[in-house]
Amino acid sequence: MKISAVRVTPIAIKDPALLNAAGVHEPFGLRSIIEVVGANGMVGLGETYGDAPVLGLLTRAAPSLVGLSAFDVNGMLARLKALAPQVSTGHVEMELAPGSLASNLVTSAFSAFEVAFMDLQARTLGIPLVELLGGAVRDKVSYSAYLFYKWDASVDPEYAPDPYGEAVNAAQIVQQARKMIDQYGFESIKLKAGVFDPMEEADAILALKAAFPNQPLRIDPNSNWSMATSLKVADKLRGSLEYYEDPTPTLEGMAELHKATGMPLASNMVVTNWAELKRSIELNSVQILLSDHHFWGGLRATQALAQTCQTFGLGLSMHSNSHLGISLMAMTHLAASVQHLSYACDTHYPWQSDEVLVGGKVPIVDGCVHLTNKPGLGVELDQDKLTELHEAFKVCRIRTRNDVAQMQRYRPEWKQVKPRF
Ligand code: GKR
Ligand code: MG
């Protein structure tokens, strides 16, 4: 079944002032929404980063995919590869924004189109997308609460008010967790760290443990801690963490930390491609790999990644960036198809107030997103919302995510330093 049109629409979605190792989230996150239209009139959906480098490749590639079979993902990859050398990024790259990494461009674009192709294939066959991935081994996928230190929206009129307010200490983090868990029923918790004094951040984990004794806990300072700091935090949190996510930079650093502490280390930062995975296995740097279909090469590549992790005795979980419901459903169909992906995935979704889907936000119930029997990803695009969020993109000053520059608006002396503590 031939593809008759491909549309790529950049959108800007409101994002709160979430703090991380690089700085602070800008008031808008950028996403690209992909529509692949089949000759049968059906439309497959995809979603990925909206940063200029990847958007450039997606937009350039779109017309070249017309006429391909919706089942020919290899043909789609060949066309992307043929175009990629002509795309020059000309942008500063930010490690926390994989959408701006030149090395990931083709893989990111492939992943986004692969989801849309597979959504169209599944809609054409009248089956849920998960069936194209071998079928569901679970009918719902667990997600963890994803807590952030953050500023209140009043810090800058560019931020839209959000229901969570400020969180700059352990008590406010516990409040944030309570609110998020009350609303979504999450059964595990991740704290984004790397912002304040590491011992205070470890205290926040202990406060969460006291408040939610049955919830598995994770802390992720995005490689912002030295070996000495990572060891001190490990001592303090021994027995309190499900896994210790990206405490310290480099594969060598993570291997040394694991050897010294025996703690399970997880990463979406030191293992971001197959070459790094090979090296990580050689060094025993990372025991739990945090996958992300957006830059690991799509849904089927992530299934291969799961198989590889299983073979080498590694655990597999999933991390996220700011995203909407198409990405959430792609993550859900993928995670539902992989037995080995047994940790709760993390999602930024509760932080997003905008949505492009008919009916609004995808429900998260008891911490889970449920699969349905609807064809494809099971969601439909709301064209009015898409237009509205595209208009927001047009007037928005941001073209590539830059949390460092955003922080410098408030603290001109701020620099990205790694590790900071
Ligand atoms: O959105 O600030 C953020 C996160 O830090 C994100 O950029 C990371 O990619 O959530 C991700 C992570 O697990 O490191
Ligand atoms: Mg992480």
# chains A, B, ... in the order shown; residues from 1 in each chain; ligands from 1
$ select_by_dssp --residues "range 182-368 of chain A" --states "helix (DSSP H, G or I)" --output "VMD selection string"
chain A and resid 182 to 184 198 to 211 227 to 237 251 to 261 274 to 283 293 to 296 298 to 311 325 to 337 349 to 351
$ residues_near_ligand --ligand "ligand 1" --cutoff "9 Å" --atoms "only C-alpha atoms and all ligand atoms" --output "MDAnalysis selection string"
chainID A and resid 18:25 95:98 146 148 190 192:193 220:223 245:246 267:269 290 318:322 346:348 403
$ residues_around --residues "range 227-230 of chain A" --least-positions-apart "3" --cutoff "10 Å" --atoms "only C-alpha atoms" --output "MDAnalysis selection string"
chainID A and resid 198:199 221 223:224 233:236 244 246:249 253:254 256:257 261 419 421
$ write_last_selection --atoms "N, CA, C and O atoms" --output "short mmCIF file (atom, residue, chain, number, x, y, z; two decimals), in the first residue's frame"
data_model
loop_
_atom_site.label_atom_id
_atom_site.label_comp_id
_atom_site.auth_asym_id
_atom_site.auth_seq_id
_atom_site.Cartn_x
_atom_site.Cartn_y
_atom_site.Cartn_z
N PRO A 198 24.17 17.67 46.66
CA PRO A 198 23.82 16.25 46.51
C PRO A 198 23.35 15.58 47.80
O PRO A 198 22.49 14.70 47.75
N MET A 199 23.88 16.02 48.94
CA MET A 199 23.42 15.41 50.20
C MET A 199 21.97 15.80 50.50
O MET A 199 21.19 15.01 51.03
N PRO A 221 20.96 12.30 38.63
CA PRO A 221 21.56 13.64 38.52
C PRO A 221 22.18 13.93 37.15
O PRO A 221 22.96 14.88 37.02
N SER A 223 24.60 12.58 35.41
CA SER A 223 26.08 12.53 35.37
C SER A 223 26.72 13.77 35.96
O SER A 223 27.83 14.14 35.56
N ASN A 224 26.06 14.39 36.92
CA ASN A 224 26.55 15.68 37.42
C ASN A 224 27.37 15.55 38.69
O ASN A 224 27.69 16.56 39.31
N VAL A 233 26.93 9.66 48.17
CA VAL A 233 25.47 9.49 48.03
C VAL A 233 25.13 8.00 48.09
O VAL A 233 24.15 7.59 48.72
N ALA A 234 25.97 7.18 47.45
CA ALA A 234 25.72 5.73 47.47
C ALA A 234 25.69 5.21 48.90
O ALA A 234 24.83 4.41 49.28
N ASP A 235 26.63 5.69 49.71
CA ASP A 235 26.67 5.27 51.12
C ASP A 235 25.38 5.63 51.84
O ASP A 235 24.80 4.84 52.57
N LYS A 236 24.94 6.85 51.56
CA LYS A 236 23.74 7.35 52.25
C LYS A 236 22.47 6.62 51.78
O LYS A 236 21.54 6.43 52.54
N TYR A 244 20.40 3.30 40.58
CA TYR A 244 21.11 4.56 40.73
C TYR A 244 21.39 5.02 39.30
O TYR A 244 22.16 4.39 38.59
N ASP A 246 22.63 7.26 36.25
CA ASP A 246 23.61 8.23 35.74
C ASP A 246 24.17 9.15 36.83
O ASP A 246 24.14 10.38 36.68
N PRO A 247 24.73 8.58 37.91
CA PRO A 247 25.32 9.48 38.90
C PRO A 247 26.54 10.22 38.35
O PRO A 247 26.68 11.42 38.55
N THR A 248 27.42 9.50 37.64
CA THR A 248 28.73 10.09 37.32
C THR A 248 29.05 9.89 35.84
O THR A 248 28.56 8.94 35.23
N PRO A 249 29.85 10.80 35.25
CA PRO A 249 30.10 10.69 33.81
C PRO A 249 31.01 9.52 33.43
O PRO A 249 31.74 9.01 34.26
N GLY A 253 33.93 5.77 34.57
CA GLY A 253 33.50 6.24 35.88
C GLY A 253 32.39 5.35 36.44
O GLY A 253 32.41 4.97 37.62
N MET A 254 31.43 5.02 35.60
CA MET A 254 30.31 4.18 36.06
C MET A 254 30.83 2.79 36.45
O MET A 254 30.39 2.21 37.46
N GLU A 256 33.79 2.03 37.58
CA GLU A 256 34.52 2.16 38.86
C GLU A 256 33.52 2.26 40.02
O GLU A 256 33.69 1.61 41.06
N LEU A 257 32.47 3.03 39.82
CA LEU A 257 31.46 3.21 40.87
C LEU A 257 30.75 1.89 41.17
O LEU A 257 30.52 1.54 42.34
N THR A 261 30.77 -0.03 44.78
CA THR A 261 29.53 -0.04 45.59
C THR A 261 28.69 -1.31 45.41
O THR A 261 27.86 -1.61 46.26
N PRO A 419 31.46 17.09 36.06
CA PRO A 419 30.42 17.16 37.09
C PRO A 419 30.50 18.48 37.86
O PRO A 419 31.58 19.00 38.06
N PHE A 421 29.19 18.84 41.04
CA PHE A 421 29.35 18.61 42.49
C PHE A 421 30.33 17.47 42.77
O PHE A 421 30.27 16.46 42.11
#
$ residues_around --residues "Ala5 in chain A" --least-positions-apart "6" --cutoff "10 Å" --atoms "only C-alpha atoms" --output "list of chain:residue names"
A:Glu35, A:Val36, A:Val37, A:Gly38, A:Ala39, A:Gly41, A:Val43, A:Ala62, A:Pro63, A:Ser64, A:Leu65, A:Val66, A:Gly67
$ residues_around --residues "range 294-301 of chain A" --least-positions-apart "6" --cutoff "10 Å" --atoms "only C-alpha atoms" --output "PyMOL selection string"
chain A and resi 47-49+98-99+101+104-115+118+130+132-133+272-274+307+320-321+327+330-331+333-335+337
$ atom_distance --atom1 "CA of Gln352 in chain A" --atom2 "CA of Pro16 in chain A"
8.1 Å
$ residues_around --residues "Leu381 in chain A" --least-positions-apart "6" --cutoff "12 Å" --atoms "only C-alpha atoms" --output "ChimeraX atom specification"
/A:9,33-35,42-47,324-326,355-361,387
$ closest_residue --among "A:Glu187, A:Glu276, A:Glu200, A:Asp15" --to "Asp162 in chain A" --atoms "only C-alpha atoms"
A:Asp15
$ closest_residue --among "A:Pro363, A:Gly194, A:Gly262, A:Gly315" --to "ligand 2" --atoms "only C-alpha atoms and all ligand atoms"
A:Gly194
$ atom_distance --atom1 "CA of Ile13 in chain A" --atom2 "CA of Leu316 in chain A"
29.1 Å
